[in-house]
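Since the structure comes first, as structure tokens, the remarks are kept for the end.
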Amino acid sequence: MAKNIFLEYYTKQQFYGKSKLKKTIKQNSRILECVKVTAPIVDALKEAADNPTYQFHIPGHTKGNAIFKDFKKLVGEKVLNIDTTDEFDNLGTLHPATGPIKEAQELAAQAFGAQKTFFLLNGSTAGNLAIGMALTKKGKKVIINRNCHRSALTGLMISGAEPIWICPNRIEDWSIWGNIEASKIEEALKNNPDVGMVWITNPTYEGVVSDIKSISAVCKKYNVPLVVDEAHGCLWNFNKHLPETALKLGADVVIHSLHKTGGSMSQSSMLHIAKNSMINPDDVEKALKLLHTTSPSLLLLASLDAARATLQSRAGQALTDKMIKNAKYLRSRLDNIPNLHQLKSDFGYKTDVTKVFIKIDGLSGKRLESILEIDFKIEVESASDIGVLILCNLGNKHSDFVYLANALEKIAAHHYTDIYYLENRKHMPMLEPQIKMSLRDAYYADKEVIKKEDAIGRISAEVIAECPPGISILLPGELITEEHLPYLNDYETIEVVK
Ligand SMILES: Cc1ncc(COP(=O)(O)O)c(C=O)c1O
């Protein structure tokens with residue numbers, strides 16, 4: 001396969017195409033740097049598209065020939081032309097990693113500072129499932145934060161491992177879970193000498209950052225591996241104004257949702273095995289092989305390759321710099337709106353500047369979200385009863401932030417009514433679970449569906465964790481109490497253990 005190297009020519013204001021290189025080097029004395037960025041899967045796909053074959057293999061739409069016309073029009077012929085899986089056209093394979101896919105994973109490992117990187121389809125969910133399956137087993141104890149994503153729980157249900165819950169600090173004013181104290185991890189490790197793994201989420205969905213360096217030091221002291229679900233922090237290695245990635249702070253495994261903030265396509269993520277990790281990468285790979293589809297989408301894999309190439313390039317550096325600048329601009333505008341508040345670093349925790357969690361006096365987050373959407377055509381990442389979460393993305397323009405700040409100024413000055421706020425409704429409980437049965441035993445137990453009102457005193461048999469953010473309200477094996485009811489407004493019935 002021909003190896004196509006992308007060259008990027010960077011000047012103060014401009015990026016030049018390949019064909020202009022020689023001319024540009026001679027003519028333009030302002031050229032600052034010339035960086036080589038390779039993207040092997042992207043190259044291989046291009047090669048395949050440029051050299052079409054008679055196709056007698058999957059996918060059956062055969063380069064879009066047999067697909068709904070309107071859909072083809074919508075996504076474009078080119079996309080369908082390269083909608084293929086591994087095995088064909090020298091594209092390499094995912095399991096085992098071969099060819100351009102292997103090369104791309106190696107380049108990603110270098111870029112993120114890992115020993116080994118696995119590309120994930122089905123998002124970071126696949127990574128968490130693989131961690132549960134590969135690194136825990138029935139009856140083994142795992143220290144894990146209560147506000148973990150539901151995919152981590154599913155990992156534990158698959159293996160039958162027992163969670164030792166760590167409740168992070170509560171940030172009551174914002175009705176969210178905050179940072180995880182290293183001292184809590186140490187206490188749990190002291191009380192449970194048979195713990196096999198510490199598995200924590202950092203940052204939180206709202207951008208609260210824990211002290212991973214101290215947590216990692218504690219794990220090393222007790223010789224227990226540390227897995228960090230850094231799904232929302234995949235840009236951290238690429239800009240010094242962002243928090244430090246757990247890969248640099250002593251974690252053994254780190255998971256990144258590249259599709260969330262890193263610029264790849266939906267569903268594509270990465271799992272990194274750290275340098276000097278206590279974990280054997282082969283164990284993780286075996287689980288991934290079983291969990292992954294056997295028809296991986298080359299489009300998704302190429303988008304991971306492309307996202308990594310962008311982040312590593314000068315253009316990517318410029319994008320992350322611009323993103324930080326925009327986030328700071330937005331935050332400074334919001335500081336000047338008297339009845340608007342934004343979550344900021346505080347005693348004991350830091351925040352990621354790009355995740356802006358805000359609230360306005362007199363409005364619930366849900367109401368604010370709908371005003372933004374209906375009156376201003378602005379869609380935010382999510383809304384809670386308290387506030388809304390705004391993500392400052394790589395791809396946002398400065399004018400987007402000007403528009404958003406102007407809209408928020410108008411909303412804050414206008415007196416909207418809000419029944420939700422007046423009723424003080426909440427949707428994210430921060431309750432300590434009362435565990436009556438193991439997660440797995442309860443999930444696989446004989447069950448019955450009963451009315452919510454009759455469920456008090458019974459043991460839950462289902463996962464109730466609405467997305468976003470996918471954090472649990474109730475889990476299999478937990479006692480249902482009256483305190484849960486306000487958070488179950490959308491449920492008429494609940495599945496309980498018989
Ligand atoms: C902390 C955390 N981990 C894992 C996931 C799952 O990620 P994905 O959507 O990439 O499967 C999410 C999703 O929101 C998450 O918030």
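Following the order of the structure tokens, first chain is A, next is B, and so on, with residues numbered from 1 inside each chain and ligands from 1 in the order they appear.
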Could you report the residues within 10 Å of ligand 1, using only C-alpha atoms and all ligand atoms, as a PyMOL selection string?
-> chain A and resi 120-129+147-152+200-206+228-233+255-260+266-270+467-471
Quick one: DSSP helix (DSSP H, G or I) residues in stretch 310-462 of chain A, as a PyMOL selection string?
-> chain A and resi 310-312+314-335+365-376+398-413+419-422+439-444+452-455
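We find atom CA of A:Ala302 and atom CA of A:Lys322 to be spaced 24.6 Å apart.
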Exercise: A:Ala44 partners within 10 Å, only C-alpha atoms, chain neighbours under 2 positions left out, as a PDB file with N, CA and C atoms, in the first residue's frame:
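Result file around36.pdb:
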ATOM      1  N   MET A   1       0.840  -1.194   0.000  1.00  0.00           N
ATOM      2  CA  MET A   1       0.000   0.000   0.000  1.00  0.00           C
ATOM      3  C   MET A   1       0.887   1.262   0.000  1.00  0.00           C
ATOM      4  N   ALA A   2       0.526   2.189  -0.841  1.00  0.00           N
ATOM      5  CA  ALA A   2       1.325   3.413  -0.894  1.00  0.00           C
ATOM      6  C   ALA A   2       1.183   4.174   0.411  1.00  0.00           C
ATOM      7  N   LYS A   3       2.282   4.695   0.868  1.00  0.00           N
ATOM      8  CA  LYS A   3       2.224   5.402   2.134  1.00  0.00           C
ATOM      9  C   LYS A   3       2.142   6.899   1.867  1.00  0.00           C
ATOM     10  N   ASN A   4       1.066   7.446   2.232  1.00  0.00           N
ATOM     11  CA  ASN A   4       0.843   8.856   1.948  1.00  0.00           C
ATOM     12  C   ASN A   4       1.100   9.659   3.216  1.00  0.00           C
ATOM     13  N   ALA A  39      -1.381   9.622   9.054  1.00  0.00           N
ATOM     14  CA  ALA A  39      -2.661   9.047   9.477  1.00  0.00           C
ATOM     15  C   ALA A  39      -2.881   7.778   8.653  1.00  0.00           C
ATOM     16  N   PRO A  40      -2.307   6.653   9.107  1.00  0.00           N
ATOM     17  CA  PRO A  40      -2.262   5.446   8.260  1.00  0.00           C
ATOM     18  C   PRO A  40      -3.621   4.887   7.852  1.00  0.00           C
ATOM     19  N   ILE A  41      -4.607   4.947   8.722  1.00  0.00           N
ATOM     20  CA  ILE A  41      -5.918   4.389   8.320  1.00  0.00           C
ATOM     21  C   ILE A  41      -6.562   5.302   7.281  1.00  0.00           C
ATOM     22  N   VAL A  42      -6.417   6.601   7.499  1.00  0.00           N
ATOM     23  CA  VAL A  42      -6.976   7.551   6.527  1.00  0.00           C
ATOM     24  C   VAL A  42      -6.324   7.309   5.163  1.00  0.00           C
ATOM     25  N   LYS A  46      -8.136   5.976   1.673  1.00  0.00           N
ATOM     26  CA  LYS A  46      -8.040   6.788   0.449  1.00  0.00           C
ATOM     27  C   LYS A  46      -7.559   5.903  -0.706  1.00  0.00           C
ATOM     28  N   GLU A  47      -6.554   5.118  -0.396  1.00  0.00           N
ATOM     29  CA  GLU A  47      -5.995   4.189  -1.381  1.00  0.00           C
ATOM     30  C   GLU A  47      -7.083   3.232  -1.892  1.00  0.00           C
ATOM     31  N   ALA A  48      -7.875   2.712  -0.960  1.00  0.00           N
ATOM     32  CA  ALA A  48      -8.941   1.777  -1.335  1.00  0.00           C
ATOM     33  C   ALA A  48      -9.992   2.483  -2.196  1.00  0.00           C
ATOM     34  N   ALA A  49     -10.328   3.710  -1.826  1.00  0.00           N
ATOM     35  CA  ALA A  49     -11.345   4.454  -2.587  1.00  0.00           C
ATOM     36  C   ALA A  49     -10.845   4.785  -3.990  1.00  0.00           C
ATOM     37  N   ASP A  50      -9.524   5.059  -4.086  1.00  0.00           N
ATOM     38  CA  ASP A  50      -8.949   5.424  -5.386  1.00  0.00           C
ATOM     39  C   ASP A  50      -8.774   4.216  -6.307  1.00  0.00           C
ATOM     40  N   ASP A  89      -9.204  -4.830   1.236  1.00  0.00           N
ATOM     41  CA  ASP A  89      -8.435  -3.738   0.637  1.00  0.00           C
ATOM     42  C   ASP A  89      -7.213  -3.323   1.448  1.00  0.00           C
ATOM     43  N   ASN A  90      -6.531  -4.290   2.046  1.00  0.00           N
ATOM     44  CA  ASN A  90      -5.309  -3.983   2.804  1.00  0.00           C
ATOM     45  C   ASN A  90      -5.529  -2.951   3.906  1.00  0.00           C
ATOM     46  N   LEU A  91      -6.670  -3.011   4.525  1.00  0.00           N
ATOM     47  CA  LEU A  91      -6.961  -2.014   5.546  1.00  0.00           C
ATOM     48  C   LEU A  91      -6.487  -2.449   6.936  1.00  0.00           C
ATOM     49  N   GLY A  92      -6.037  -3.676   7.047  1.00  0.00           N
ATOM     50  CA  GLY A  92      -5.603  -4.185   8.350  1.00  0.00           C
ATOM     51  C   GLY A  92      -6.784  -4.745   9.126  1.00  0.00           C
ATOM     52  N   GLY A  99      -1.534  -4.177  10.142  1.00  0.00           N
ATOM     53  CA  GLY A  99      -1.524  -3.176   9.064  1.00  0.00           C
ATOM     54  C   GLY A  99      -1.731  -1.757   9.567  1.00  0.00           C
ATOM     55  N   PRO A 100      -2.457  -0.952   8.800  1.00  0.00           N
ATOM     56  CA  PRO A 100      -2.639   0.458   9.151  1.00  0.00           C
ATOM     57  C   PRO A 100      -3.322   0.652  10.519  1.00  0.00           C
ATOM     58  N   ILE A 101      -4.162  -0.314  10.900  1.00  0.00           N
ATOM     59  CA  ILE A 101      -4.851  -0.157  12.195  1.00  0.00           C
ATOM     60  C   ILE A 101      -3.825  -0.288  13.335  1.00  0.00           C
ATOM     61  N   LEU A 298     -14.538   0.931   9.455  1.00  0.00           N
ATOM     62  CA  LEU A 298     -13.304   1.630   9.119  1.00  0.00           C
ATOM     63  C   LEU A 298     -13.468   3.142   9.193  1.00  0.00           C
ATOM     64  N   ALA A 302     -10.930   5.252  11.226  1.00  0.00           N
ATOM     65  CA  ALA A 302     -10.201   6.335  10.538  1.00  0.00           C
ATOM     66  C   ALA A 302     -10.423   7.662  11.256  1.00  0.00           C
TER      67      ALA A 302
END
9 Å contact set for A:Val209, only C-alpha atoms, chain neighbours under 3 positions out, as a ChimeraX atom specification = /A:178-180,202-204,212,243,345,349-352
For A:Ala318, the closest of A:Thr294, A:Gly395, A:Thr417, A:Ile360 counting only C-alpha atoms is A:Gly395
Exercise: stretch 377-393 of chain A partners within 6 Å, only C-alpha atoms, chain neighbours under 6 positions left out, as a CSV table (one decimal) with N, CA and C atoms, in the first residue's frame:
chain,number,residue,atom,x,y,z
A,327,ALA,N,-13.1,29.6,25.9
A,327,ALA,CA,-13.7,29.2,27.2
A,327,ALA,C,-13.4,30.3,28.2
A,354,THR,N,-12.9,24.2,30.2
A,354,THR,CA,-13.7,24.1,29.0
A,354,THR,C,-15.1,23.5,29.3
A,355,LYS,N,-15.4,23.1,30.5
A,355,LYS,CA,-16.7,22.5,30.9
A,355,LYS,C,-17.3,23.6,31.8
A,356,VAL,N,-18.3,24.3,31.3
A,356,VAL,CA,-18.8,25.4,32.0
A,356,VAL,C,-20.2,25.1,32.5
A,357,PHE,N,-20.3,24.9,33.8
A,357,PHE,CA,-21.6,24.5,34.5
A,357,PHE,C,-22.1,25.8,35.1
A,358,ILE,N,-23.3,26.2,34.7
A,358,ILE,CA,-23.9,27.5,35.1
A,358,ILE,C,-25.3,27.3,35.7
A,359,LYS,N,-25.6,28.3,36.5
A,359,LYS,CA,-27.0,28.3,37.0
A,359,LYS,C,-27.4,29.8,37.1
A,364,SER,N,-34.6,26.8,37.0
A,364,SER,CA,-34.0,25.5,37.0
A,364,SER,C,-33.2,25.3,35.8
A,365,GLY,N,-32.3,24.3,35.9
A,365,GLY,CA,-31.4,24.0,34.7
A,365,GLY,C,-32.3,23.6,33.5
A,366,LYS,N,-33.3,22.8,33.8
A,366,LYS,CA,-34.2,22.3,32.8
A,366,LYS,C,-34.9,23.4,32.0
A,426,LYS,N,-35.7,17.7,42.1
A,426,LYS,CA,-34.3,17.3,41.9
A,426,LYS,C,-34.3,16.0,41.1
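In this structure, atom CA of A:Asp305 sits 22.2 Å away from atom CA of A:Pro52.
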Atom CA of A:Ser216 and atom CA of A:Asp282, how far apart in Å?
-> 22.5 Å
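Nearest-residue note for A:Phe118: choosing from A:Lys325, A:Arg440, A:His272, A:His241, the minimum distance belongs to A:His272, counting only C-alpha atoms.
Nearest to A:Lys141 of all the residues A:Ser297, A:Trp177, A:Gly196, A:Ala405 is A:Gly196, counting only C-alpha atoms.
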Find, counting only C-alpha atoms, the residue in A:Leu189, A:Ile176, A:Val253, A:Met157 that gets nearest to A:Ile143.
-> A:Leu189
A:Ile456, A:Gly362, A:Thr261, A:Val402 ranked by distance to A:Asn339, top pick (using only C-alpha atoms) | A:Gly362
Where does DSSP see strand (DSSP E or B) in stretch 289-454 of chain A, if you list the residues as a PyMOL selection string?
-> chain A and resi 340-342+346+349-351+355-360+382-383+388-391+435+447-451
Write to file, as a PDB file, in the first residue's frame, the residues of the selection just made, with N, CA and C atoms.
ATOM      1  N   LEU A 340     -26.110  35.193  37.551  1.00  0.00           N
ATOM      2  CA  LEU A 340     -25.662  33.933  36.938  1.00  0.00           C
ATOM      3  C   LEU A 340     -24.414  33.452  37.689  1.00  0.00           C
ATOM      4  N   HIS A 341     -24.335  32.163  37.936  1.00  0.00           N
ATOM      5  CA  HIS A 341     -23.192  31.599  38.671  1.00  0.00           C
ATOM      6  C   HIS A 341     -22.560  30.497  37.847  1.00  0.00           C
ATOM      7  N   GLN A 342     -21.244  30.369  37.934  1.00  0.00           N
ATOM      8  CA  GLN A 342     -20.563  29.279  37.224  1.00  0.00           C
ATOM      9  C   GLN A 342     -19.718  28.486  38.210  1.00  0.00           C
ATOM     10  N   ASP A 346     -12.364  25.133  43.554  1.00  0.00           N
ATOM     11  CA  ASP A 346     -12.612  25.556  44.931  1.00  0.00           C
ATOM     12  C   ASP A 346     -11.654  24.787  45.823  1.00  0.00           C
ATOM     13  N   TYR A 349     -10.663  20.935  45.092  1.00  0.00           N
ATOM     14  CA  TYR A 349     -10.821  20.418  43.727  1.00  0.00           C
ATOM     15  C   TYR A 349     -10.554  21.487  42.679  1.00  0.00           C
ATOM     16  N   LYS A 350     -10.185  20.978  41.489  1.00  0.00           N
ATOM     17  CA  LYS A 350      -9.992  21.888  40.365  1.00  0.00           C
ATOM     18  C   LYS A 350     -11.115  21.640  39.376  1.00  0.00           C
ATOM     19  N   THR A 351     -11.193  22.470  38.359  1.00  0.00           N
ATOM     20  CA  THR A 351     -12.175  22.231  37.302  1.00  0.00           C
ATOM     21  C   THR A 351     -11.481  22.354  35.942  1.00  0.00           C
ATOM     22  N   LYS A 355     -15.356  23.055  30.510  1.00  0.00           N
ATOM     23  CA  LYS A 355     -16.685  22.548  30.877  1.00  0.00           C
ATOM     24  C   LYS A 355     -17.331  23.590  31.795  1.00  0.00           C
ATOM     25  N   VAL A 356     -18.292  24.297  31.273  1.00  0.00           N
ATOM     26  CA  VAL A 356     -18.845  25.444  31.989  1.00  0.00           C
ATOM     27  C   VAL A 356     -20.234  25.076  32.512  1.00  0.00           C
ATOM     28  N   PHE A 357     -20.304  24.864  33.825  1.00  0.00           N
ATOM     29  CA  PHE A 357     -21.576  24.490  34.452  1.00  0.00           C
ATOM     30  C   PHE A 357     -22.134  25.757  35.098  1.00  0.00           C
ATOM     31  N   ILE A 358     -23.334  26.161  34.660  1.00  0.00           N
ATOM     32  CA  ILE A 358     -23.863  27.455  35.125  1.00  0.00           C
ATOM     33  C   ILE A 358     -25.267  27.298  35.697  1.00  0.00           C
ATOM     34  N   LYS A 359     -25.648  28.263  36.521  1.00  0.00           N
ATOM     35  CA  LYS A 359     -27.044  28.337  36.968  1.00  0.00           C
ATOM     36  C   LYS A 359     -27.449  29.806  37.052  1.00  0.00           C
ATOM     37  N   ILE A 360     -28.744  30.039  36.889  1.00  0.00           N
ATOM     38  CA  ILE A 360     -29.280  31.407  36.972  1.00  0.00           C
ATOM     39  C   ILE A 360     -30.317  31.428  38.083  1.00  0.00           C
ATOM     40  N   SER A 382     -26.074  19.326  28.520  1.00  0.00           N
ATOM     41  CA  SER A 382     -27.101  18.690  29.354  1.00  0.00           C
ATOM     42  C   SER A 382     -27.650  19.697  30.341  1.00  0.00           C
ATOM     43  N   ALA A 383     -28.745  19.312  30.992  1.00  0.00           N
ATOM     44  CA  ALA A 383     -29.322  20.175  32.028  1.00  0.00           C
ATOM     45  C   ALA A 383     -29.697  19.314  33.216  1.00  0.00           C
ATOM     46  N   VAL A 388     -27.120  24.174  33.727  1.00  0.00           N
ATOM     47  CA  VAL A 388     -26.844  23.562  32.428  1.00  0.00           C
ATOM     48  C   VAL A 388     -25.334  23.461  32.224  1.00  0.00           C
ATOM     49  N   LEU A 389     -24.957  22.438  31.475  1.00  0.00           N
ATOM     50  CA  LEU A 389     -23.541  22.212  31.197  1.00  0.00           C
ATOM     51  C   LEU A 389     -23.253  22.609  29.757  1.00  0.00           C
ATOM     52  N   ILE A 390     -22.282  23.531  29.626  1.00  0.00           N
ATOM     53  CA  ILE A 390     -21.883  24.016  28.296  1.00  0.00           C
ATOM     54  C   ILE A 390     -20.487  23.475  28.001  1.00  0.00           C
ATOM     55  N   LEU A 391     -20.314  22.829  26.873  1.00  0.00           N
ATOM     56  CA  LEU A 391     -18.978  22.370  26.492  1.00  0.00           C
ATOM     57  C   LEU A 391     -18.383  23.344  25.481  1.00  0.00           C
ATOM     58  N   ILE A 435     -26.867  -1.749  50.486  1.00  0.00           N
ATOM     59  CA  ILE A 435     -26.693  -2.938  49.641  1.00  0.00           C
ATOM     60  C   ILE A 435     -27.190  -4.194  50.356  1.00  0.00           C
ATOM     61  N   LYS A 447     -37.324 -12.055  39.064  1.00  0.00           N
ATOM     62  CA  LYS A 447     -37.749 -10.665  39.283  1.00  0.00           C
ATOM     63  C   LYS A 447     -39.244 -10.528  39.098  1.00  0.00           C
ATOM     64  N   GLU A 448     -39.769  -9.418  39.587  1.00  0.00           N
ATOM     65  CA  GLU A 448     -41.148  -9.061  39.249  1.00  0.00           C
ATOM     66  C   GLU A 448     -41.226  -7.547  39.088  1.00  0.00           C
ATOM     67  N   VAL A 449     -42.196  -7.131  38.291  1.00  0.00           N
ATOM     68  CA  VAL A 449     -42.368  -5.693  38.066  1.00  0.00           C
ATOM     69  C   VAL A 449     -43.524  -5.226  38.941  1.00  0.00           C
ATOM     70  N   ILE A 450     -43.258  -4.232  39.792  1.00  0.00           N
ATOM     71  CA  ILE A 450     -44.321  -3.750  40.684  1.00  0.00           C
ATOM     72  C   ILE A 450     -44.447  -2.228  40.580  1.00  0.00           C
ATOM     73  N   LYS A 451     -45.569  -1.722  41.139  1.00  0.00           N
ATOM     74  CA  LYS A 451     -45.774  -0.266  41.099  1.00  0.00           C
ATOM     75  C   LYS A 451     -44.720   0.411  41.962  1.00  0.00           C
TER      76      LYS A 451
END
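Excluding A:Val224 itself and same-chain residues fewer than 4 positions from it, the residues having an atom within 8 Å of it are A:Val195, A:Gly196, A:Met197, A:Val198, A:Cys219, A:Lys220, counting only C-alpha atoms.
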